[in-house]
$ cat data-v4.pdb   # PDB, C-alpha atoms
ATOM      1  CA  MET U  28     -26.624  -8.363  32.590
ATOM      2  CA  ASP U  29     -29.732 -10.604  32.976
ATOM      3  CA  GLY U  30     -27.690 -13.393  34.518
ATOM      4  CA  LYS U  31     -25.211 -13.580  31.652
ATOM      5  CA  VAL U  32     -21.705 -14.726  32.569
ATOM      6  CA  ARG U  33     -18.619 -14.001  30.484
ATOM      7  CA  VAL U  34     -17.029 -17.110  28.995
ATOM      8  CA  THR U  35     -13.430 -17.360  30.184
ATOM      9  CA  LEU U  36     -10.254 -19.043  29.002
ATOM     10  CA  ALA U  37     -10.701 -21.541  31.833
ATOM     11  CA  ASN U  38     -14.058 -22.543  30.339
ATOM     12  CA  VAL U  39     -12.408 -23.139  26.968
ATOM     13  CA  ALA U  40      -9.649 -25.248  28.550
ATOM     14  CA  ALA U  41     -12.196 -27.343  30.442
ATOM     15  CA  GLU U  42     -14.322 -27.872  27.329
ATOM     16  CA  ALA U  43     -11.251 -28.911  25.295
ATOM     17  CA  GLY U  44      -9.786 -31.069  28.075
ATOM     18  CA  VAL U  45      -6.441 -29.230  28.103
ATOM     19  CA  SER U  46      -4.610 -26.937  30.501
ATOM     20  CA  LYS U  47      -5.331 -23.232  30.580
ATOM     21  CA  MET U  48      -1.796 -22.547  29.317
ATOM     22  CA  THR U  49      -2.289 -24.865  26.332
ATOM     23  CA  ALA U  50      -5.603 -23.196  25.524
ATOM     24  CA  SER U  51      -3.971 -19.789  25.711
ATOM     25  CA  ARG U  52      -1.123 -20.790  23.425
ATOM     26  CA  ALA U  53      -3.480 -22.371  20.905
ATOM     27  CA  LEU U  54      -5.703 -19.312  20.702
ATOM     28  CA  ARG U  55      -2.684 -17.025  20.338
ATOM     29  CA  GLY U  56      -1.262 -19.174  17.519
ATOM     30  CA  ALA U  57       1.969 -19.540  19.454
ATOM     31  CA  GLY U  58       3.042 -22.571  17.436
ATOM     32  CA  GLU U  59       3.865 -24.597  20.569
ATOM     33  CA  VAL U  60       0.702 -26.722  20.589
ATOM     34  CA  SER U  61       0.072 -30.016  18.812
ATOM     35  CA  SER U  62      -2.295 -29.872  15.856
ATOM     36  CA  SER U  63      -4.842 -32.104  17.656
ATOM     37  CA  ASN U  64      -4.919 -29.920  20.784
ATOM     38  CA  ASN U  65      -4.976 -26.787  18.652
ATOM     39  CA  GLU U  66      -8.083 -28.053  16.864
ATOM     40  CA  LYS U  67      -9.726 -29.111  20.148
ATOM     41  CA  VAL U  68      -9.210 -25.660  21.636
ATOM     42  CA  ARG U  69     -10.511 -23.813  18.600
ATOM     43  CA  GLN U  70     -13.587 -26.001  18.383
ATOM     44  CA  ALA U  71     -14.232 -25.528  22.099
ATOM     45  CA  ALA U  72     -13.908 -21.766  21.817
ATOM     46  CA  ARG U  73     -16.312 -21.744  18.892
ATOM     47  CA  LYS U  74     -18.788 -24.025  20.666
ATOM     48  CA  ILE U  75     -19.052 -21.992  23.879
ATOM     49  CA  GLY U  76     -18.677 -18.561  22.266
ATOM     50  CA  TYR U  77     -15.337 -17.491  23.700
ATOM     51  CA  VAL U  78     -14.148 -14.044  22.585
ATOM     52  CA  GLY U  79     -11.053 -13.318  24.663
ATOM     53  CA  ASN U  80      -9.650 -10.002  25.829
ATOM     54  CA  ASN U  81      -6.876  -8.676  23.608
ATOM     55  CA  LEU U  82      -6.934  -5.360  25.461
ATOM     56  CA  ALA U  83      -5.962  -7.111  28.685
ATOM     57  CA  SER U  84      -3.103  -8.839  26.873
ATOM     58  CA  SER U  85      -1.786  -5.585  25.465
ATOM     59  CA  LEU U  86      -2.027  -3.860  28.845
ATOM     60  CA  SER U  87      -0.097  -6.678  30.488
ATOM     61  CA  GLY U  88       2.770  -6.143  28.083
ATOM     62  CA  GLN U  89       1.967  -9.060  25.779
ATOM     63  CA  ARG U  90       1.642  -8.514  22.063
ATOM     64  CA  SER U  91      -1.873  -8.335  20.718
ATOM     65  CA  ASP U  92      -2.933 -10.093  17.518
ATOM     66  CA  LEU U  93      -3.434  -6.783  15.763
ATOM     67  CA  ILE U  94      -1.474  -5.712  12.686
ATOM     68  CA  GLY U  95      -1.402  -1.957  12.281
ATOM     69  CA  VAL U  96      -1.732  -0.872   8.645
ATOM     70  CA  VAL U  97      -1.030   2.766   7.749
ATOM     71  CA  VAL U  98      -2.117   3.936   4.282
ATOM     72  CA  PRO U  99      -2.397   7.440   2.790
ATOM     73  CA  SER U 100      -5.867   6.987   1.294
ATOM     74  CA  MET U 101      -8.822   4.626   1.106
ATOM     75  CA  ALA U 102     -10.423   6.512  -1.783
ATOM     76  CA  ASN U 103      -8.016   4.934  -4.269
ATOM     77  CA  ILE U 104      -8.464   1.282  -5.244
ATOM     78  CA  VAL U 105      -4.676   0.905  -5.174
ATOM     79  CA  PHE U 106      -4.629   0.660  -1.389
ATOM     80  CA  ALA U 107      -7.829  -1.364  -1.264
ATOM     81  CA  GLU U 108      -5.994  -4.060  -3.225
ATOM     82  CA  VAL U 109      -3.016  -3.861  -0.857
ATOM     83  CA  LEU U 110      -5.407  -4.441   2.048
ATOM     84  CA  ALA U 111      -6.960  -7.379   0.198
ATOM     85  CA  GLY U 112      -3.512  -8.951  -0.051
ATOM     86  CA  ILE U 113      -2.942  -8.407   3.674
ATOM     87  CA  SER U 114      -6.261 -10.082   4.492
ATOM     88  CA  GLU U 115      -5.349 -13.075   2.312
ATOM     89  CA  ALA U 116      -2.005 -13.536   4.081
ATOM     90  CA  ILE U 117      -3.445 -13.549   7.602
ATOM     91  CA  GLU U 118      -6.413 -15.794   6.819
ATOM     92  CA  GLY U 119      -6.387 -18.764   9.155
ATOM     93  CA  SER U 120      -4.256 -17.015  11.756
ATOM     94  CA  SER U 121      -5.497 -15.224  14.847
ATOM     95  CA  MET U 122      -4.335 -11.859  13.521
ATOM     96  CA  GLN U 123      -6.561  -8.977  12.521
ATOM     97  CA  PRO U 124      -5.643  -5.799  10.619
ATOM     98  CA  VAL U 125      -6.377  -2.343  12.008
ATOM     99  CA  PHE U 126      -6.269   0.476   9.459
ATOM    100  CA  GLY U 127      -5.232   4.091   9.796
ATOM    101  CA  VAL U 128      -5.497   6.700   7.021
ATOM    102  CA  THR U 129      -3.069   9.643   6.848
ATOM    103  CA  ASP U 130      -4.423  11.626   3.856
ATOM    104  CA  TYR U 131      -0.780  12.144   2.808
ATOM    105  CA  ASP U 132      -0.320  14.323   5.925
ATOM    106  CA  LEU U 133       2.955  13.625   7.785
ATOM    107  CA  ASP U 134       1.686  15.047  11.082
ATOM    108  CA  LYS U 135      -1.424  12.891  10.875
ATOM    109  CA  GLU U 136       0.748   9.907  10.009
ATOM    110  CA  TYR U 137       2.750  10.423  13.209
ATOM    111  CA  ASP U 138      -0.454  10.416  15.282
ATOM    112  CA  VAL U 139      -1.739   7.276  13.558
ATOM    113  CA  ILE U 140       1.527   5.386  14.113
ATOM    114  CA  ARG U 141       1.775   6.500  17.753
ATOM    115  CA  ASN U 142      -1.806   5.440  18.513
ATOM    116  CA  MET U 143      -1.357   2.073  16.836
ATOM    117  CA  LEU U 144       1.841   1.317  18.726
ATOM    118  CA  SER U 145       0.054   2.045  22.013
ATOM    119  CA  TRP U 146      -2.049  -1.089  21.426
ATOM    120  CA  ASN U 147       1.014  -3.360  21.392
ATOM    121  CA  PRO U 148       0.382  -4.728  17.883
ATOM    122  CA  ALA U 149       2.157  -7.806  16.558
ATOM    123  CA  GLY U 150       3.571  -5.723  13.723
ATOM    124  CA  LEU U 151       3.150  -2.571  11.706
ATOM    125  CA  ILE U 152       2.768  -2.083   7.935
ATOM    126  CA  VAL U 153       3.430   1.504   6.848
ATOM    127  CA  THR U 154       3.173   2.965   3.357
ATOM    128  CA  GLY U 155       6.325   4.537   1.989
ATOM    129  CA  LEU U 156       9.819   5.346   3.221
ATOM    130  CA  ASP U 157       9.456   9.111   3.656
ATOM    131  CA  HIS U 158       8.225  10.091   7.110
ATOM    132  CA  SER U 159       8.644  12.949   9.534
ATOM    133  CA  ASP U 160      11.599  12.662  11.917
ATOM    134  CA  ASP U 161       9.213  12.028  14.814
ATOM    135  CA  ALA U 162       7.380   9.243  13.000
ATOM    136  CA  LYS U 163      10.620   7.648  11.871
ATOM    137  CA  ARG U 164      11.876   7.705  15.454
ATOM    138  CA  LEU U 165       8.763   5.788  16.553
ATOM    139  CA  LEU U 166       9.366   3.159  13.888
ATOM    140  CA  GLU U 167      13.054   2.829  14.749
ATOM    141  CA  ASN U 168      12.452   2.488  18.482
ATOM    142  CA  THR U 169       9.700  -0.130  18.440
ATOM    143  CA  ASP U 170      10.618  -3.770  19.038
ATOM    144  CA  ILE U 171       7.987  -5.206  16.696
ATOM    145  CA  PRO U 172       8.398  -6.009  12.971
ATOM    146  CA  VAL U 173       7.911  -2.907  10.815
ATOM    147  CA  VAL U 174       7.243  -3.415   7.107
ATOM    148  CA  GLN U 175       7.391  -0.356   4.871
ATOM    149  CA  ILE U 176       5.612  -0.934   1.575
ATOM    150  CA  MET U 177       5.156   0.453  -1.945
ATOM    151  CA  ASP U 178       8.606   2.052  -2.245
ATOM    152  CA  LEU U 179      12.276   1.082  -2.448
ATOM    153  CA  ASP U 180      13.741   4.549  -3.032
ATOM    154  CA  GLY U 181      15.199   5.182   0.407
ATOM    155  CA  THR U 182      16.503   3.500   3.552
ATOM    156  CA  PRO U 183      13.995   1.221   5.315
ATOM    157  CA  VAL U 184      13.708   0.973   9.094
ATOM    158  CA  ASP U 185      13.241  -2.810   9.117
ATOM    159  CA  PHE U 186      11.530  -4.781   6.335
ATOM    160  CA  CYS U 187      10.657  -3.239   2.992
ATOM    161  CA  VAL U 188       8.364  -4.570   0.254
ATOM    162  CA  GLY U 189       7.826  -2.586  -2.922
ATOM    163  CA  PHE U 190       9.417  -1.202  -6.056
ATOM    164  CA  SER U 191      11.420   1.814  -7.189
ATOM    165  CA  HIS U 192       9.160   4.655  -8.301
ATOM    166  CA  HIS U 193      12.138   6.478  -9.767
ATOM    167  CA  ALA U 194      12.943   3.441 -11.912
ATOM    168  CA  ALA U 195       9.272   3.052 -12.878
ATOM    169  CA  GLY U 196       9.214   6.651 -14.122
ATOM    170  CA  MET U 197      12.392   6.126 -16.110
ATOM    171  CA  ALA U 198      11.071   2.905 -17.640
ATOM    172  CA  MET U 199       7.902   4.635 -18.822
ATOM    173  CA  ALA U 200       9.849   7.501 -20.398
ATOM    174  CA  GLU U 201      12.130   5.047 -22.203
ATOM    175  CA  ALA U 202       9.115   3.126 -23.527
ATOM    176  CA  LEU U 203       7.438   6.284 -24.804
ATOM    177  CA  LEU U 204      10.633   7.493 -26.452
ATOM    178  CA  GLU U 205      11.007   4.142 -28.177
ATOM    179  CA  MET U 206       7.472   4.600 -29.534
ATOM    180  CA  GLY U 207       8.599   7.866 -31.116
ATOM    181  CA  CYS U 208       7.075  10.351 -28.662
ATOM    182  CA  LYS U 209       9.029  13.615 -28.456
ATOM    183  CA  ARG U 210       6.675  16.411 -27.362
ATOM    184  CA  ILE U 211       5.688  15.106 -23.956
ATOM    185  CA  ALA U 212       3.828  16.875 -21.137
ATOM    186  CA  TYR U 213       3.150  15.830 -17.543
ATOM    187  CA  ILE U 214      -0.081  16.084 -15.529
ATOM    188  CA  GLY U 215      -0.305  15.267 -11.839
ATOM    189  CA  CYS U 216      -2.158  16.068  -8.624
ATOM    190  CA  GLY U 217      -0.798  16.453  -5.128
ATOM    191  CA  VAL U 218       2.778  15.732  -6.173
ATOM    192  CA  ASP U 219       4.023  17.922  -3.306
ATOM    193  CA  THR U 220       2.454  15.566  -0.744
ATOM    194  CA  ASP U 221       2.489  12.286  -2.695
ATOM    195  CA  VAL U 222       6.261  11.829  -2.634
ATOM    196  CA  ARG U 223       6.113   8.565  -4.580
ATOM    197  CA  ALA U 224       4.433  10.341  -7.501
ATOM    198  CA  GLY U 225       7.193  12.950  -7.245
ATOM    199  CA  LYS U 226       9.837  10.220  -7.487
ATOM    200  CA  ARG U 227       8.205   8.837 -10.639
ATOM    201  CA  MET U 228       8.135  12.305 -12.168
ATOM    202  CA  ALA U 229      11.824  12.788 -11.341
ATOM    203  CA  GLY U 230      12.756   9.467 -12.925
ATOM    204  CA  PHE U 231      10.660  10.247 -15.988
ATOM    205  CA  SER U 232      12.307  13.656 -16.421
ATOM    206  CA  GLU U 233      15.764  12.151 -15.946
ATOM    207  CA  ALA U 234      15.214   9.633 -18.727
ATOM    208  CA  LEU U 235      14.014  12.399 -21.053
ATOM    209  CA  SER U 236      17.081  14.463 -20.212
ATOM    210  CA  GLN U 237      19.381  11.551 -21.014
ATOM    211  CA  ALA U 238      17.732  11.440 -24.448
ATOM    212  CA  GLY U 239      18.269  15.174 -24.937
ATOM    213  CA  LEU U 240      14.640  16.133 -24.307
ATOM    214  CA  ASN U 241      12.669  18.024 -21.652
ATOM    215  CA  LEU U 242       9.020  18.069 -20.682
ATOM    216  CA  VAL U 243       7.190  20.549 -22.912
ATOM    217  CA  ALA U 244       4.856  21.524 -20.060
ATOM    218  CA  THR U 245       3.718  20.476 -16.593
ATOM    219  CA  ARG U 246       0.338  20.852 -14.881
ATOM    220  CA  ILE U 247      -0.058  20.039 -11.187
ATOM    221  CA  GLY U 248      -3.623  20.142  -9.865
ATOM    222  CA  ASP U 249      -4.472  21.243  -6.332
ATOM    223  CA  SER U 250      -7.227  18.660  -5.861
ATOM    224  CA  THR U 251      -6.929  14.933  -5.292
ATOM    225  CA  SER U 252      -6.369  12.664  -8.278
ATOM    226  CA  THR U 253      -9.755  12.018  -9.880
ATOM    227  CA  VAL U 254     -11.077  11.325 -13.357
ATOM    228  CA  THR U 255     -12.735  14.756 -13.322
ATOM    229  CA  ALA U 256      -9.462  16.488 -12.449
ATOM    230  CA  GLY U 257      -7.683  14.598 -15.222
ATOM    231  CA  ARG U 258     -10.255  15.682 -17.787
ATOM    232  CA  GLU U 259     -10.080  19.339 -16.764
ATOM    233  CA  LEU U 260      -6.275  19.455 -16.634
ATOM    234  CA  THR U 261      -5.990  17.737 -20.011
ATOM    235  CA  SER U 262      -8.373  20.252 -21.565
ATOM    236  CA  GLN U 263      -6.298  23.118 -20.192
ATOM    237  CA  MET U 264      -3.038  21.545 -21.335
ATOM    238  CA  LEU U 265      -4.129  20.883 -24.910
ATOM    239  CA  LYS U 266      -5.600  24.360 -25.330
ATOM    240  CA  GLU U 267      -2.155  25.806 -24.631
ATOM    241  CA  TYR U 268      -0.092  23.041 -26.252
ATOM    242  CA  PRO U 269      -2.190  21.502 -29.054
ATOM    243  CA  ASP U 270       0.821  19.925 -30.775
ATOM    244  CA  LEU U 271       1.751  17.503 -27.965
ATOM    245  CA  ASP U 272       2.199  13.899 -28.992
ATOM    246  CA  CYS U 273       2.105  12.429 -25.468
ATOM    247  CA  ILE U 274       0.870  13.187 -21.931
ATOM    248  CA  TYR U 275       2.230  11.298 -18.930
ATOM    249  CA  TYR U 276      -0.080  11.314 -15.875
ATOM    250  CA  SER U 277       0.830  10.639 -12.271
ATOM    251  CA  ASN U 278      -1.782   7.854 -12.137
ATOM    252  CA  ASP U 279      -4.495   6.034 -14.066
ATOM    253  CA  ASP U 280      -7.370   8.083 -12.609
ATOM    254  CA  LEU U 281      -6.033  11.239 -14.213
ATOM    255  CA  ALA U 282      -5.176   9.386 -17.422
ATOM    256  CA  ALA U 283      -8.756   8.126 -17.670
ATOM    257  CA  GLY U 284      -9.955  11.723 -17.371
ATOM    258  CA  GLY U 285      -7.597  12.617 -20.198
ATOM    259  CA  ALA U 286      -9.089   9.816 -22.268
ATOM    260  CA  PHE U 287     -12.621  11.133 -21.771
ATOM    261  CA  HIS U 288     -11.532  14.606 -22.849
ATOM    262  CA  CYS U 289      -9.960  13.185 -26.010
ATOM    263  CA  ILE U 290     -13.108  11.231 -26.826
ATOM    264  CA  ALA U 291     -15.260  14.345 -26.414
ATOM    265  CA  ALA U 292     -12.826  16.499 -28.412
ATOM    266  CA  GLY U 293     -12.472  13.968 -31.223
ATOM    267  CA  ILE U 294      -8.750  13.428 -30.586
ATOM    268  CA  VAL U 295      -7.673  10.010 -31.835
ATOM    269  CA  VAL U 296      -5.716   8.107 -29.183
ATOM    270  CA  PRO U 297      -3.032   6.843 -29.580
ATOM    271  CA  ASP U 298      -2.615   7.886 -33.231
ATOM    272  CA  ALA U 299      -2.736  11.644 -32.611
ATOM    273  CA  LEU U 300      -1.903  11.626 -28.903
ATOM    274  CA  THR U 301      -0.441   8.972 -26.610
ATOM    275  CA  LEU U 302      -1.717   8.842 -23.008
ATOM    276  CA  ALA U 303       0.245   7.100 -20.253
ATOM    277  CA  GLY U 304      -0.654   6.519 -16.608
ATOM    278  CA  PHE U 305       0.481   4.518 -13.611
ATOM    279  CA  ASN U 306      -0.846   1.638 -11.474
ATOM    280  CA  GLY U 307      -2.465  -0.638 -14.077
ATOM    281  CA  LEU U 308      -5.974  -0.375 -12.660
ATOM    282  CA  ASP U 309      -8.480  -2.851 -14.113
ATOM    283  CA  PHE U 310     -10.920  -0.215 -15.361
ATOM    284  CA  ILE U 311      -8.301   1.101 -17.794
ATOM    285  CA  GLU U 312      -8.858  -1.988 -19.935
ATOM    286  CA  SER U 313     -12.570  -1.143 -20.184
ATOM    287  CA  LEU U 314     -12.000   2.256 -21.770
ATOM    288  CA  PRO U 315     -12.807   2.564 -25.490
ATOM    289  CA  ILE U 316      -9.302   3.915 -26.201
ATOM    290  CA  LYS U 317      -5.904   2.518 -25.260
ATOM    291  CA  ILE U 318      -3.894   3.977 -22.374
ATOM    292  CA  ILE U 319      -0.337   2.854 -21.618
ATOM    293  CA  THR U 320       0.220   2.166 -17.932
ATOM    294  CA  SER U 321       2.634   0.616 -15.425
ATOM    295  CA  ARG U 322       1.084  -2.366 -13.672
ATOM    296  CA  THR U 323       1.985  -2.502  -9.988
ATOM    297  CA  PRO U 324       1.826  -5.719  -7.891
ATOM    298  CA  ARG U 325      -0.377  -4.235  -5.162
ATOM    299  CA  ARG U 326      -1.969  -7.422  -3.851
ATOM    300  CA  GLU U 327       1.388  -9.220  -3.872
ATOM    301  CA  ILE U 328       2.919  -6.409  -1.820
ATOM    302  CA  GLY U 329       0.148  -6.669   0.772
ATOM    303  CA  ARG U 330       0.453 -10.456   1.001
ATOM    304  CA  THR U 331       4.235 -10.381   1.361
ATOM    305  CA  ALA U 332       4.170  -7.660   4.019
ATOM    306  CA  ALA U 333       1.572  -9.410   6.162
ATOM    307  CA  LYS U 334       3.279 -12.790   5.823
ATOM    308  CA  LEU U 335       6.503 -11.297   7.167
ATOM    309  CA  ILE U 336       4.676 -10.291  10.346
ATOM    310  CA  VAL U 337       2.841 -13.615  10.684
ATOM    311  CA  ASP U 338       6.114 -15.502  10.245
ATOM    312  CA  ALA U 339       7.877 -13.223  12.739
ATOM    313  CA  LYS U 340       5.295 -13.963  15.424
ATOM    314  CA  GLN U 341       5.472 -17.717  14.882
ATOM    315  CA  ASP U 342       9.270 -17.821  14.665
ATOM    316  CA  ASN U 343      11.515 -15.660  16.842
ATOM    317  CA  THR U 344      14.569 -16.127  14.611
ATOM    318  CA  LYS U 345      15.727 -13.042  12.730
ATOM    319  CA  ARG U 346      15.220 -13.134   8.961
ATOM    320  CA  LYS U 347      18.298 -12.307   6.902
ATOM    321  CA  ASP U 348      16.298 -10.999   3.950
ATOM    322  CA  ARG U 349      14.968  -7.517   4.689
ATOM    323  CA  ILE U 350      14.150  -6.012   1.287
ATOM    324  CA  PHE U 351      11.692  -7.607  -1.144
ATOM    325  CA  GLU U 352      11.390  -6.135  -4.613
ATOM    326  CA  CYS U 353       8.181  -6.512  -6.619
ATOM    327  CA  ASN U 354       8.614  -5.339 -10.194
ATOM    328  CA  THR U 355       6.255  -3.156 -12.221
ATOM    329  CA  VAL U 356       5.373  -4.031 -15.819
ATOM    330  CA  ILE U 357       4.497  -1.570 -18.583
ATOM    331  CA  ALA U 358       1.266  -2.538 -20.359
ATOM    332  CA  PHE U 359       0.759  -1.254 -23.881
TER     333      PHE U 359
END
$ encode --input "data-v4.pdb" --output "structure tokens"
Amino acid sequence: MDGKVRVTLANVAAEAGVSKMTASRALRGAGEVSSSNNEKVRQAARKIGYVGNNLASSLSGQRSDLIGVVVPSMANIVFAEVLAGISEAIEGSSMQPVFGVTDYDLDKEYDVIRNMLSWNPAGLIVTGLDHSDDAKRLLENTDIPVVQIMDLDGTPVDFCVGFSHHAAGMAMAEALLEMGCKRIAYIGCGVDTDVRAGKRMAGFSEALSQAGLNLVATRIGDSTSTVTAGRELTSQMLKEYPDLDCIYYSNDDLAAGGAFHCIAAGIVVPDALTLAGFNGLDFIESLPIKIITSRTPRREIGRTAAKLIVDAKQDNTKRKDRIFECNTVIAF
């Protein structure tokens, strides 16, 4: 190693003029160190280049400073914004997020959760409430904070931060009906694996039924939700049902594809056809035609979930509040 010597915790303590235990507590953010000593230790660690060994801590049975984050996809900006919120909440702490992607596969999700728990993380943030029995058992048996996000339609294991997809679907249907839409079709992708999209579709259909209406037609694509898929599915739908006055899409990506088809086909939106999506992605506002969408508080959900874990590590008392609802807003 060319004479290089690893900087140790003892070196940090000596540089800061504190005990090794105080240095350890300060670097772990234990909350039991005075602000002056905390600053001394952090400056000393920075000055001498101390890294630490979180693996050794996890192997010794101590909690690491890792927060496991399990999401179904990184291809969609929705989850990128959730991760941005998580990063904002842990800024200034010693915690670091570790991400696992499940591709909406329950077996893969089980493996991701199991591997993350093996590192003794400080907490776990998991997307959704619908898991395999094996994965749910892992979440129920762990002694760390578990925060399930993006959904309230179900029974959480521990903490839960999100909104009701069923209610969001109903709210969109009610808004479209109030606008005068009657011949409504649905376009989605991967609804069999994306259970939250399925819940929105169920809520949407229920609201139509209460008004004495049914979906005129449904198209479910086999591919992932993309603008291209939305354009192709919209073209197919309108060839078979040219007299529709509204199409509800499982998300904004597909709705944007529908918008591009309408532009190319000379269909005036929303005068001749109303398009509605879900998520409230920023790029929707840049389209030359108006799409109705449900804005979801993605960054807020990420911040709230991560803060619950940070607070849990700094304070051992049990929080009474377990469910945190973040409302969606329909944007016309």
$ closest_atom_pairs --input "data-v4.pdb" --of "region 221-263 of chain U" --to "region 181-196 of chain U" --cutoff "10 Å" --atoms "only C-alpha atoms" --output "CSV"
residue,atom,partner,partner_atom,distance
U:Val222,CA,U:His192,CA,9.6
U:Arg223,CA,U:His192,CA,6.2
U:Ala224,CA,U:His192,CA,7.4
U:Gly225,CA,U:His193,CA,8.5
U:Lys226,CA,U:His193,CA,4.9
U:Arg227,CA,U:Gly196,CA,4.2
U:Met228,CA,U:Gly196,CA,6.1
U:Ala229,CA,U:His193,CA,6.5
U:Gly230,CA,U:His193,CA,4.4
U:Phe231,CA,U:Gly196,CA,4.3
U:Ser232,CA,U:Gly196,CA,8.0
U:Glu233,CA,U:Gly196,CA,8.7
U:Ala234,CA,U:Gly196,CA,8.1
$ closest_residue --input "data-v4.pdb" --among "U:Phe310, U:Leu54, U:Lys266, U:Ile140" --to "Gln70 (chain U)" --atoms "only C-alpha atoms"
U:Leu54
$ residues_around --input "data-v4.pdb" --residues "Ile214 (chain U)" --least-positions-apart "2" --cutoff "9 Å" --atoms "only C-alpha atoms" --output "list in words"
Ala212, Cys216, Ala244, Thr245, Arg246, Ile247, Gly248, Gly257, Leu260, Thr261, Met264, Ile274, Tyr275, Tyr276, Ser277, Leu281 and Ala282 of chain U
$ residues_near_point --input "data-v4.pdb" --point "(-15.6, -19.8, 26.2)" --cutoff "9 Å" --atoms "all atoms listed in the file" --output "NGL selection string"
:U and (33-40 or 42 or 71-79)
$ residues_near_point --input "data-v4.pdb" --point "(5.1, -0.6, 11.0)" --cutoff "8 Å" --atoms "all atoms listed in the file" --output "PyMOL selection string"
chain U and resi 95-97+140+150-153+166+171-175
$ closest_residue --input "data-v4.pdb" --among "U:Thr320, U:Thr49, U:Ser91, U:Thr251" --to "Ser62 (chain U)" --atoms "only C-alpha atoms"
U:Thr49
$ residues_around --input "data-v4.pdb" --residues "region 305-309 of chain U" --least-positions-apart "2" --cutoff "7 Å" --atoms "all atoms listed in the file" --output "list in words"
Ser277, Asn278, Asp279, Ile311, Glu312, Thr320, Ser321, Arg322 and Thr323 of chain U
$ atom_distance --input "data-v4.pdb" --atom1 "CA of Thr129 (chain U)" --atom2 "CA of Asn103 (chain U)"
13.0 Å
$ atom_distance --input "data-v4.pdb" --atom1 "CA of Leu242 (chain U)" --atom2 "CA of Ile211 (chain U)"
5.5 Å
$ atom_distance --input "data-v4.pdb" --atom1 "CA of Asp180 (chain U)" --atom2 "CA of Ala149 (chain U)"
25.9 Å
$ residues_around --input "data-v4.pdb" --residues "region 329-336 of chain U" --least-positions-apart "3" --cutoff "6 Å" --atoms "only C-alpha atoms" --output "compact mmCIF listing (two decimals) with C-alpha atoms, in the frame of the given file"
# COMPACT_ATOMS: atom_id res chain seq x y z
CA VAL U 109 -3.02 -3.86 -0.86
CA GLY U 112 -3.51 -8.95 -0.05
CA ILE U 113 -2.94 -8.41 3.67
CA ALA U 116 -2.00 -13.54 4.08
CA GLY U 150 3.57 -5.72 13.72
CA ARG U 326 -1.97 -7.42 -3.85
CA ALA U 339 7.88 -13.22 12.74
$ closest_residue --input "data-v4.pdb" --among "U:Lys163, U:Arg210, U:Arg325, U:Arg349" --to "Tyr268 (chain U)" --atoms "all atoms listed in the file"
U:Arg210
